[in-house]
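*Asks:* So I've got this file, my_file-v1.csv, and it contains CSV, C-alpha atoms (C1' of nucleotides):
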```csv
chain,number,residue,atom,x,y,z
A,1111,MET,CA,16.7,-23.0,-16.2
A,1112,LYS,CA,15.5,-23.3,-12.7
A,1113,ILE,CA,13.8,-20.5,-10.8
A,1114,GLY,CA,17.0,-19.4,-9.1
A,1115,GLU,CA,18.8,-19.0,-12.3
A,1116,LEU,CA,16.0,-17.1,-13.8
A,1117,ALA,CA,16.0,-14.9,-10.7
A,1118,LYS,CA,19.6,-14.1,-11.4
A,1119,ALA,CA,19.1,-13.6,-15.1
A,1120,ALA,CA,16.3,-11.1,-14.5
A,1121,ASP,CA,17.6,-9.7,-11.2
A,1122,THR,CA,14.3,-10.5,-9.5
A,1123,PRO,CA,13.7,-12.2,-6.2
A,1124,VAL,CA,12.5,-15.8,-6.5
A,1125,GLU,CA,9.4,-15.0,-4.4
A,1126,THR,CA,8.5,-12.2,-6.8
A,1127,ILE,CA,8.7,-14.6,-9.8
A,1128,ARG,CA,6.3,-17.0,-8.0
A,1129,TYR,CA,4.1,-14.1,-7.1
A,1130,TYR,CA,3.9,-13.0,-10.8
A,1131,GLU,CA,3.0,-16.5,-11.7
A,1132,ARG,CA,0.2,-16.6,-9.1
A,1133,SER,CA,-1.0,-13.2,-10.4
A,1134,GLY,CA,-1.2,-14.5,-13.9
A,1135,LEU,CA,1.6,-12.3,-15.4
A,1136,LEU,CA,3.8,-15.3,-16.0
A,1137,PRO,CA,2.2,-18.5,-17.3
A,1138,GLU,CA,2.5,-21.7,-15.2
A,1139,THR,CA,5.6,-23.4,-16.5
A,1140,ALA,CA,6.7,-26.9,-17.1
A,1141,ARG,CA,8.0,-28.8,-14.1
A,1142,THR,CA,10.7,-31.4,-13.6
A,1143,GLU,CA,9.8,-34.7,-12.0
A,1144,ASN,CA,10.6,-33.1,-8.7
A,1145,ASN,CA,8.1,-30.4,-9.3
A,1146,TYR,CA,10.7,-27.7,-9.9
A,1147,ARG,CA,9.8,-25.0,-12.3
A,1148,ILE,CA,11.7,-24.9,-15.6
A,1149,TYR,CA,12.0,-21.8,-17.7
A,1150,GLY,CA,13.1,-21.1,-21.2
A,1151,GLU,CA,14.3,-17.9,-22.9
A,1152,ALA,CA,10.7,-16.9,-23.8
A,1153,GLN,CA,9.7,-16.7,-20.2
A,1154,ARG,CA,12.9,-14.9,-19.3
A,1155,ASP,CA,12.1,-12.3,-21.9
A,1156,ARG,CA,8.6,-12.0,-20.6
A,1157,LEU,CA,9.9,-11.5,-17.1
A,1158,LEU,CA,12.4,-8.9,-18.3
A,1159,PHE,CA,9.5,-7.1,-20.0
A,1160,ILE,CA,7.5,-7.1,-16.8
A,1161,ARG,CA,10.5,-5.8,-14.8
A,1162,ARG,CA,11.1,-3.0,-17.3
A,1163,CYS,CA,7.5,-1.9,-17.0
A,1164,ARG,CA,7.7,-2.0,-13.2
A,1165,GLY,CA,10.9,0.1,-13.5
A,1166,LEU,CA,8.7,2.6,-15.2
A,1167,ASP,CA,6.3,2.4,-12.3
A,1168,MET,CA,3.5,0.7,-14.2
A,1169,SER,CA,1.0,-1.3,-12.2
A,1170,LEU,CA,0.6,-5.0,-12.6
A,1171,ASP,CA,-2.8,-4.3,-14.2
A,1172,GLU,CA,-1.3,-2.0,-16.8
A,1173,ILE,CA,1.4,-4.6,-17.5
A,1174,ARG,CA,-1.2,-7.3,-17.9
A,1175,LEU,CA,-2.8,-5.1,-20.6
A,1176,LEU,CA,0.5,-4.5,-22.4
A,1177,LEU,CA,1.2,-8.2,-22.3
A,1178,ARG,CA,-2.1,-9.0,-23.9
A,1179,PHE,CA,-1.1,-6.8,-26.8
A,1180,LYS,CA,2.3,-8.3,-27.0
A,1181,ASP,CA,0.6,-11.7,-27.1
A,1182,SER,CA,-1.7,-10.7,-30.0
A,1183,PRO,CA,0.6,-9.0,-32.5
A,1184,ASP,CA,-2.1,-8.3,-35.1
A,1185,GLU,CA,-4.2,-6.2,-32.9
A,1186,ASN,CA,-4.3,-2.4,-33.0
A,1187,CYS,CA,-2.0,-0.8,-30.5
A,1188,ALA,CA,-4.1,2.3,-29.9
A,1189,GLN,CA,-4.8,1.2,-26.3
A,1190,VAL,CA,-1.2,0.8,-25.6
A,1191,ASN,CA,-0.6,4.4,-26.7
A,1192,ALA,CA,-3.5,5.6,-24.6
A,1193,LEU,CA,-2.2,3.7,-21.5
A,1194,LEU,CA,1.2,5.3,-21.8
A,1195,ASP,CA,-0.3,8.7,-22.2
A,1196,ALA,CA,-2.4,8.2,-19.1
A,1197,HIS,CA,0.6,6.9,-17.2
A,1198,ILE,CA,2.7,9.9,-18.2
A,1199,GLY,CA,-0.2,12.1,-17.1
A,1200,HIS,CA,-0.3,10.6,-13.7
A,1201,VAL,CA,3.5,10.8,-13.3
A,1202,SER,CA,3.4,14.5,-14.3
A,1203,VAL,CA,0.6,15.3,-11.9
A,1204,ARG,CA,2.5,13.6,-9.1
A,1205,ILE,CA,5.6,15.5,-9.8
A,1206,GLY,CA,3.6,18.7,-9.5
A,1207,GLU,CA,2.1,17.6,-6.2
A,1208,LEU,CA,5.5,16.7,-4.8
A,1209,LYS,CA,7.0,20.0,-5.8
A,1210,ASN,CA,4.2,21.7,-4.0
A,1211,LEU,CA,4.8,19.5,-1.0
A,1212,GLU,CA,8.5,20.3,-1.1
A,1213,ARG,CA,7.8,24.0,-1.1
A,1214,GLN,CA,5.5,23.7,1.9
A,1215,LEU,CA,7.9,21.5,3.8
A,1216,LYS,CA,10.8,23.9,3.2
A,1217,ALA,CA,8.7,26.8,4.4
A,1218,LEU,CA,7.8,24.9,7.5
A,1219,ARG,CA,11.4,23.9,8.1
A,1220,LYS,CA,12.4,27.5,8.1
A,1221,THR,CA,10.2,28.3,11.0
A,1222,CYS,CA,12.5,26.5,13.4
A,1223,ARG,CA,16.1,27.3,12.7
A,1224,GLU,CA,17.7,25.7,15.8
A,1225,ALA,CA,16.8,23.2,18.5
A,1226,ARG,CA,14.8,24.5,21.5
A,1227,GLU,CA,11.9,23.4,23.6
A,1228,SER,CA,9.2,21.7,21.7
A,1229,SER,CA,6.6,24.3,22.8
A,1230,GLN,CA,8.6,27.0,21.0
A,1231,CYS,CA,9.3,24.9,17.9
A,1232,GLY,CA,8.0,26.7,14.9
A,1233,ILE,CA,7.5,23.5,13.1
A,1234,LEU,CA,5.2,21.9,15.7
A,1235,ASN,CA,3.4,25.2,16.0
A,1236,GLY,CA,3.0,25.5,12.3
A,1237,LEU,CA,1.6,22.0,12.0
A,1238,SER,CA,-0.9,22.9,14.7
A,1239,THR,CA,-2.4,25.8,12.8
A,1240,CYS,CA,-4.1,26.1,9.5
A,1241,GLN,CA,-2.2,26.4,6.3
A,1242,GLU,CA,-3.9,26.6,2.9
A,1243,SER,CA,-2.5,25.8,-0.5
A,1244,ALA,CA,-3.6,22.8,-2.5
A,1245,PRO,CA,-3.5,19.7,-0.4
A,1246,HIS,CA,-2.5,16.4,-1.9
A,1247,THR,CA,-5.8,14.6,-2.3
A,1248,GLY,CA,-4.6,11.1,-2.9
A,1249,LYS,CA,-6.9,11.0,-5.9
A,1250,THR,CA,-4.4,11.8,-8.6
A,1251,GLY,CA,-4.9,9.0,-11.1
A,1252,HIS,CA,-2.5,6.5,-9.5
A,1253,VAL,CA,0.7,8.2,-8.6
A,1254,HIS,CA,0.9,7.7,-4.9
A,1255,GLY,CA,2.3,8.9,-1.6
A,1256,THR,CA,5.7,9.4,-0.1
A,1257,HIS,CA,6.5,6.3,1.9
A,1258,THR,CA,8.1,3.0,1.2
A,1259,MET,CA,11.1,2.2,3.2
A,1260,LYS,CA,13.6,-0.3,2.0
A,1261,SER,CA,17.0,0.8,3.1
B,855,MET,CA,-19.1,15.9,19.9
B,856,LYS,CA,-19.8,12.5,18.4
B,857,ILE,CA,-17.5,10.8,15.9
B,858,GLY,CA,-19.6,11.9,12.9
B,859,GLU,CA,-19.4,15.5,13.9
B,860,LEU,CA,-15.7,15.2,14.4
B,861,ALA,CA,-15.4,13.6,11.0
B,862,LYS,CA,-17.1,16.7,9.5
B,863,ALA,CA,-15.0,19.1,11.5
B,864,ALA,CA,-11.8,17.5,10.4
B,865,ASP,CA,-12.9,16.4,7.0
B,866,THR,CA,-11.9,12.8,7.8
B,867,PRO,CA,-13.9,9.6,7.3
B,868,VAL,CA,-15.3,8.1,10.4
B,869,GLU,CA,-13.5,4.8,9.8
B,870,THR,CA,-10.2,6.6,9.5
B,871,ILE,CA,-10.7,8.2,12.9
B,872,ARG,CA,-11.4,4.8,14.4
B,873,TYR,CA,-8.3,3.5,12.6
B,874,TYR,CA,-6.2,6.3,14.1
B,875,GLU,CA,-7.5,5.4,17.5
B,876,ARG,CA,-6.6,1.7,17.0
B,877,SER,CA,-3.2,2.8,15.8
B,878,GLY,CA,-2.6,4.8,18.9
B,879,LEU,CA,-2.5,8.2,17.2
B,880,LEU,CA,-5.6,9.3,18.9
B,881,PRO,CA,-6.2,8.4,22.6
B,882,GLU,CA,-9.2,6.3,23.5
B,883,THR,CA,-12.0,8.7,24.3
B,884,ALA,CA,-14.7,8.9,26.8
B,885,ARG,CA,-17.9,7.2,25.9
B,886,THR,CA,-21.6,8.0,26.4
B,887,GLU,CA,-23.8,5.5,28.2
B,888,ASN,CA,-24.5,4.0,24.8
B,889,ASN,CA,-20.9,3.5,24.1
B,890,TYR,CA,-20.6,6.3,21.6
B,891,ARG,CA,-17.3,8.1,21.4
B,892,ILE,CA,-17.3,11.6,22.6
B,893,TYR,CA,-14.7,14.2,21.6
B,894,GLY,CA,-13.7,17.6,22.7
B,895,GLU,CA,-11.7,20.4,21.1
B,896,ALA,CA,-8.3,19.0,22.1
B,897,GLN,CA,-9.0,15.8,20.3
B,898,ARG,CA,-10.2,17.7,17.3
B,899,ASP,CA,-7.0,19.7,17.2
B,900,ARG,CA,-5.0,16.6,17.5
B,901,LEU,CA,-6.8,15.1,14.6
B,902,LEU,CA,-6.3,18.2,12.5
B,903,PHE,CA,-2.6,18.1,13.4
B,904,ILE,CA,-2.5,14.5,12.1
B,905,ARG,CA,-4.3,15.3,9.0
B,906,ARG,CA,-2.1,18.2,8.2
B,907,CYS,CA,0.9,16.0,8.6
B,908,ARG,CA,-0.7,13.4,6.4
B,909,GLY,CA,-1.3,16.1,3.9
B,910,LEU,CA,2.4,16.6,3.9
B,911,ASP,CA,2.8,12.9,3.1
B,912,MET,CA,4.3,12.0,6.5
B,913,SER,CA,3.9,8.4,7.6
B,914,LEU,CA,2.0,7.6,10.7
B,915,ASP,CA,5.2,6.6,12.4
B,916,GLU,CA,6.6,10.1,11.7
B,917,ILE,CA,3.5,11.6,13.0
B,918,ARG,CA,3.6,9.5,16.2
B,919,LEU,CA,7.0,11.0,16.8
B,920,LEU,CA,5.9,14.5,16.2
B,921,LEU,CA,3.0,14.0,18.6
B,922,ARG,CA,5.3,12.8,21.3
B,923,PHE,CA,7.1,16.1,21.1
B,924,LYS,CA,3.9,18.0,21.0
B,925,ASP,CA,2.9,16.2,24.2
B,926,SER,CA,6.1,17.0,26.0
B,927,PRO,CA,6.6,20.7,25.4
B,928,ASP,CA,9.8,21.0,27.5
B,929,GLU,CA,11.8,18.6,25.4
B,930,ASN,CA,14.3,19.7,22.8
B,931,CYS,CA,12.9,19.7,19.3
B,932,ALA,CA,16.1,18.8,17.5
B,933,GLN,CA,14.7,15.5,16.5
B,934,VAL,CA,11.7,17.3,14.9
B,935,ASN,CA,14.0,19.3,12.8
B,936,ALA,CA,15.9,16.2,11.8
B,937,LEU,CA,12.7,14.4,10.9
B,938,LEU,CA,11.6,17.2,8.7
B,939,ASP,CA,15.0,17.5,7.0
B,940,ALA,CA,14.9,13.7,6.3
B,941,HIS,CA,11.4,13.9,5.0
B,942,ILE,CA,12.3,16.8,2.7
B,943,GLY,CA,15.2,14.8,1.4
B,944,HIS,CA,13.0,11.9,0.6
B,945,VAL,CA,10.5,14.1,-1.3
B,946,SER,CA,13.3,15.7,-3.2
B,947,VAL,CA,14.8,12.4,-4.2
B,948,ARG,CA,11.4,11.1,-5.3
B,949,ILE,CA,10.8,14.2,-7.4
B,950,GLY,CA,14.1,13.5,-9.2
B,951,GLU,CA,13.2,9.9,-9.8
B,952,LEU,CA,9.8,10.8,-11.2
B,953,LYS,CA,11.3,13.4,-13.5
B,954,ASN,CA,13.7,10.8,-14.8
B,955,LEU,CA,10.7,8.4,-15.2
B,956,GLU,CA,8.8,11.1,-17.1
B,957,ARG,CA,11.6,11.6,-19.5
B,958,GLN,CA,11.9,7.9,-20.2
B,959,LEU,CA,8.2,7.5,-20.6
B,960,LYS,CA,8.0,10.4,-23.0
B,961,ALA,CA,10.9,9.0,-25.1
B,962,LEU,CA,9.1,5.7,-25.2
B,963,ARG,CA,5.9,7.3,-26.2
B,964,LYS,CA,7.5,9.0,-29.2
B,965,THR,CA,8.4,5.6,-30.6
B,966,CYS,CA,4.8,5.0,-31.6
B,967,ARG,CA,3.2,8.0,-33.1
B,968,GLU,CA,0.0,6.4,-34.4
B,969,ALA,CA,-2.1,3.2,-33.9
B,970,ARG,CA,-0.9,0.2,-35.9
B,971,GLU,CA,-0.5,-3.6,-35.3
B,972,SER,CA,1.0,-4.4,-31.9
B,973,SER,CA,3.9,-6.2,-33.5
B,974,GLN,CA,4.9,-2.9,-35.1
B,975,CYS,CA,4.3,-0.8,-32.0
B,976,GLY,CA,7.5,1.0,-31.0
B,977,ILE,CA,6.4,1.1,-27.4
B,978,LEU,CA,5.9,-2.6,-27.0
B,979,ASN,CA,9.1,-3.2,-28.9
B,980,GLY,CA,11.0,-0.6,-26.8
B,981,LEU,CA,9.8,-2.3,-23.6
B,982,SER,CA,11.0,-5.6,-25.0
B,983,THR,CA,14.6,-4.5,-25.3
B,984,CYS,CA,17.2,-3.1,-23.0
B,985,GLN,CA,17.2,0.5,-22.0
B,986,GLU,CA,19.8,1.9,-19.5
B,987,SER,CA,19.5,5.1,-17.4
B,988,ALA,CA,19.1,4.9,-13.7
B,989,PRO,CA,16.2,2.7,-12.8
B,990,HIS,CA,13.9,3.5,-9.8
B,991,THR,CA,15.1,1.2,-7.1
B,992,GLY,CA,12.3,1.5,-4.7
B,993,LYS,CA,14.9,2.1,-2.0
B,994,THR,CA,14.8,5.8,-1.9
B,995,GLY,CA,14.2,6.6,1.8
B,996,HIS,CA,10.5,6.3,1.8
B,997,VAL,CA,9.0,8.2,-1.1
B,998,HIS,CA,7.2,5.5,-3.1
B,999,GLY,CA,5.8,4.4,-6.4
B,1000,THR,CA,3.3,5.6,-8.8
B,1001,HIS,CA,0.0,3.9,-8.1
B,1002,THR,CA,-2.9,4.5,-5.9
B,1003,MET,CA,-6.2,4.8,-7.7
B,1004,LYS,CA,-9.0,6.6,-6.0
B,1005,SER,CA,-11.0,8.3,-8.7
C,785,DC,C1',26.7,-38.8,5.4
C,786,DT,C1',26.1,-34.6,6.6
C,787,DT,C1',25.8,-30.0,5.6
C,788,DG,C1',24.2,-26.4,3.1
C,789,DA,C1',22.0,-24.5,-0.9
C,790,DC,C1',18.3,-25.0,-3.5
C,791,DT,C1',13.3,-26.0,-4.4
C,792,DC,C1',8.3,-26.5,-3.1
C,793,DT,C1',3.6,-24.9,-0.8
C,794,DA,C1',0.7,-22.1,2.2
C,795,DT,C1',0.2,-18.3,5.0
C,796,DA,C1',0.8,-13.8,7.2
C,797,DG,C1',2.6,-9.2,7.2
C,798,DC,C1',3.7,-4.3,5.6
C,799,DG,C1',0.9,0.9,5.4
C,800,DG,C1',-3.0,3.5,5.5
C,801,DC,C1',-6.9,3.1,4.9
C,802,DT,C1',-11.8,1.4,2.9
C,803,DA,C1',-15.6,-1.5,2.9
C,804,DC,C1',-18.3,-5.0,4.5
C,805,DG,C1',-21.6,-7.5,7.6
C,806,DG,C1',-24.5,-7.6,11.5
C,807,DG,C1',-26.0,-5.5,15.1
C,808,DG,C1',-27.9,-1.4,18.3
C,809,DT,C1',-29.6,3.7,18.9
C,810,DT,C1',-31.3,8.1,17.8
C,811,DT,C1',-33.4,11.4,14.9
C,812,DT,C1',-36.7,12.8,11.7
C,813,DC,C1',-40.8,13.3,9.5
C,814,DA,C1',-45.6,11.9,8.2
D,1438,DT,C1',-46.9,7.0,17.2
D,1439,DG,C1',-44.4,4.5,14.5
D,1440,DA,C1',-41.5,3.6,10.6
D,1441,DA,C1',-37.6,4.8,8.1
D,1442,DA,C1',-33.3,7.0,7.7
D,1443,DA,C1',-29.3,8.1,9.7
D,1444,DC,C1',-26.1,7.5,12.9
D,1445,DC,C1',-23.2,4.5,16.1
D,1446,DC,C1',-20.7,0.1,17.6
D,1447,DC,C1',-17.3,-4.0,16.6
D,1448,DG,C1',-14.7,-7.2,13.9
D,1449,DT,C1',-12.9,-8.7,9.8
D,1450,DA,C1',-11.3,-8.8,5.1
D,1451,DG,C1',-9.6,-6.5,1.1
D,1452,DC,C1',-6.4,-3.2,-1.7
D,1453,DC,C1',-1.1,-3.4,-3.9
D,1454,DG,C1',3.3,-5.5,-4.8
D,1455,DC,C1',5.8,-7.6,-2.8
D,1456,DT,C1',8.5,-9.9,1.4
D,1457,DA,C1',9.1,-13.1,5.0
D,1458,DT,C1',8.1,-16.9,7.5
D,1459,DA,C1',7.4,-22.0,8.5
D,1460,DG,C1',7.8,-26.6,7.3
D,1461,DA,C1',8.9,-29.9,4.1
D,1462,DG,C1',11.4,-32.2,0.2
D,1463,DT,C1',15.7,-32.4,-3.2
D,1464,DC,C1',20.2,-32.2,-4.6
D,1465,DA,C1',25.4,-31.3,-4.9
D,1466,DA,C1',29.9,-30.8,-2.5
D,1467,DG,C1',33.1,-32.1,1.0
```
Do you think you could lay out the structure here as structure tokens?

*Replies:*
Amino acid sequence: MKIGELAKAADTPVETIRYYERSGLLPETARTENNYRIYGEAQRDRLLFIRRCRGLDMSLDEIRLLLRFKDSPDENCAQVNALLDAHIGHVSVRIGELKNLERQLKALRKTCREARESSQCGILNGLSTCQESAPHTGKTGHVHGTHTMKS
Amino acid sequence: MKIGELAKAADTPVETIRYYERSGLLPETARTENNYRIYGEAQRDRLLFIRRCRGLDMSLDEIRLLLRFKDSPDENCAQVNALLDAHIGHVSVRIGELKNLERQLKALRKTCREARESSQCGILNGLSTCQESAPHTGKTGHVHGTHTMKS
DNA sequence: CTTGACTCTATAGCGGCTACGGGGTTTTCA
DNA sequence: TGAAAACCCCGTAGCCGCTATAGAGTCAAG
């Protein structure tokens, strides 16, 4: 199949597929005489694997490692287990951080019940003065921040 | 004070301060005859405000908006309240997504109790076959993924 | 035979920094 | 006093995982 068909089969943008190839997650494929990429089922399955991992918020580096194990079926999978444990740990930590954040944000929100002049706004004033309680350091393994707009 | 002193006062790397200036969050400051930046207390407070907002995972765009309101104390703060509500919403959604993720990851982890050959690894095999249950779309307002290594 | 859908490559942009390189200045300490 | 360390400047490139553009070639339908 051509790249567009693969894109549909794996529900992945064409550009992303090419990007994965550039990044070494997908091997360079055979080409037609017109230089179009041609894929088989094995590559489709590999892409689906990658997308499932991404759906579980793994990094491309982590996925690269998993693929190495998938490609060498006789090796011991202890590292796979460790990777997953670490990933779970990061996710759990990030959940904790976000809950803390949510608490702080809700407390802050309460300080301005209705619209008034900015100078009287409890939120702006709250942000202008010190608050304690465990800041988010950005150093938590690899579970990150709060912003990626799409919609 | 010079930029290094400000950096200490606000616990913020020097490069980040210069970056905020470039991004228009901090105004361009006065300079000494040697072209060193000089800051006063107002700028330090402004930087602290920014850092507190960042600590609450707000984007620089959101912070820019908040600063506009802070700079015009007579305006109505309804937009500030709305911004915070939206931000809280995004954080809550992201918490839900991560919890879902955590559940899936733990289930997956259970499928390989101890180390063995990769071909027998329940995790790798699990990732190779379909699983349902609400994927993380990456379209959730602006609360993002799971990866930013620092440590 | 033209239009539109597809393919290709190479390159730049997103956010929020961080790190480099290559220079100048100021402080410190022997 | 003089050298070394610590600070300051600017500009640029890199991080991640895409996404979007530009400019070109190819192919199928009407």

*Asks:* Could you work out how far CA of Glu971 (chain B) lies from CA of Glu1185 (chain A), giving the answer in Å with one decimal?

*Replies:*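 So the two atoms, CA of Glu1185 (chain A) and CA of Glu971 (chain B), lie 5.1 Å apart.
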
*Asks:* Within 12 Å of (-15.4, -6.1, 11.8), all atoms listed in the file: residues as a list in words?

*Replies:*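 Collected hits near the coordinates: Glu869, Arg872 and Tyr873 of chain B; DA803, DC804, DG805, DG806 and DG807 of chain C; DC1446, DC1447, DG1448, DT1449 and DA1450 of chain D.
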
*Asks:* Grab the CA of Arg1219 (chain A) to CA of Ala863 (chain B) distance for me, in Å with one decimal place.

*Replies:*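 These two atoms are separated by 27.0 Å.
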
*Asks:* Using only C-alpha atoms for the distances, tell me which of A:Ser1133, A:Asn1186, A:Ser1229, A:Thr1126 is nearest to Asp1171 (chain A).

*Replies:*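 That would be A:Ser1133, the residue with the smallest distance to Asp1171 (chain A).
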
*Asks:* Got a sec: who's within 12 Å of Leu860 (chain B), counting all atoms listed in the file, leaving out chain neighbours fewer than 5 positions off, as a PyMOL selection string?

*Replies:* chain B and resi 855+865-872+891-902

*Asks:* Kindly provide, as a list of chain:residue names, the residues of chain C having any atom no farther than 10 Å from an atom of chain B, counting all atoms listed in the file.

*Replies:* C:DG799, C:DG800, C:DC801, C:DT802, C:DA803, C:DG808, C:DT809

*Asks:* Could you work out how far C1' of DC1453 (chain D) lies from CA of Ala1188 (chain A), giving the answer in Å with one decimal?

*Replies:* 26.8 Å

*Asks:* Any idea which chain D residues end up within 10 Å of chain A if we count only C-alpha atoms (C1' of nucleotides), as an MDAnalysis selection string please?

*Replies:* chainID D and resid 1453:1457 1462:1463

*Asks:* Here is a test: counting all atoms listed in the file, which residue of B:Arg906, B:Arg922, B:Lys964, B:Arg876 is nearest to chain A?

*Replies:*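 Closest to chain A of all the choices is B:Arg906.
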
*Asks:* Residues near Ser1202 (chain A), anyone? I mean within 10 Å using all atoms listed in the file, not counting same-chain ones fewer than 5 positions away, as a PyMOL selection string.

*Replies:* (chain A and resi 1196-1197+1207-1208+1253) or (chain B and resi 952-953+955-956)

*Asks:* Write a file of the selected residues as a short mmCIF file (atom, residue, chain, number, x, y, z; two decimals), in the frame of the given file, keeping C-alpha atoms.

*Replies:*
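That gives us out-v7.cif:
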```cif
data_model
loop_
_atom_site.label_atom_id
_atom_site.label_comp_id
_atom_site.auth_asym_id
_atom_site.auth_seq_id
_atom_site.Cartn_x
_atom_site.Cartn_y
_atom_site.Cartn_z
CA ALA A 1196 -2.40 8.20 -19.10
CA HIS A 1197 0.60 6.90 -17.20
CA GLU A 1207 2.10 17.60 -6.20
CA LEU A 1208 5.50 16.70 -4.80
CA VAL A 1253 0.70 8.20 -8.60
CA LEU B 952 9.80 10.80 -11.20
CA LYS B 953 11.30 13.40 -13.50
CA LEU B 955 10.70 8.40 -15.20
CA GLU B 956 8.80 11.10 -17.10
#
```

*Asks:* So, with only C-alpha atoms (C1' of nucleotides) as the atoms that count, which of D:DA1461, D:DC1444, D:DC1452, D:DA1466 lies closest to DT810 (chain C)?

*Replies:*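 Among D:DA1461, D:DC1444, D:DC1452, D:DA1466, it is D:DC1444 that comes nearest to DT810 (chain C).
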
*Asks:* Which one of B:Ala961, B:Ala864, B:Ala884, B:Met912 sits closest to chain A if you count all atoms listed in the file?

*Replies:*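 Among B:Ala961, B:Ala864, B:Ala884, B:Met912, it is B:Met912 that comes nearest to chain A.
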
*Asks:* Between A:Leu1194, A:Ile1173, A:Ile1113, A:Leu1215, which has the minimum distance to Arg1141 (chain A) (counting all atoms listed in the file)?

*Replies:*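 The closest residue to Arg1141 (chain A) is A:Ile1113.
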
*Asks:* Nearest to chain B among A:Asp1195, A:Glu1138, A:Glu1143, A:Glu1115, with distances taken over only C-alpha atoms: which residue is it?

*Replies:*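 Of the candidates, the smallest distance to chain B is held by A:Asp1195.
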
*Asks:* I want to know what sits within 10 Å of Asp928 (chain B), based on only C-alpha atoms (C1' of nucleotides), with residues of the same chain fewer than 3 positions away left out; could you give that as a list in words?

*Replies:*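 Contacts, with the query itself left out: Arg1226, Glu1227, Ser1228, Ser1229 and Gln1230 of chain A; Phe923, Lys924, Asp925 and Cys931 of chain B.
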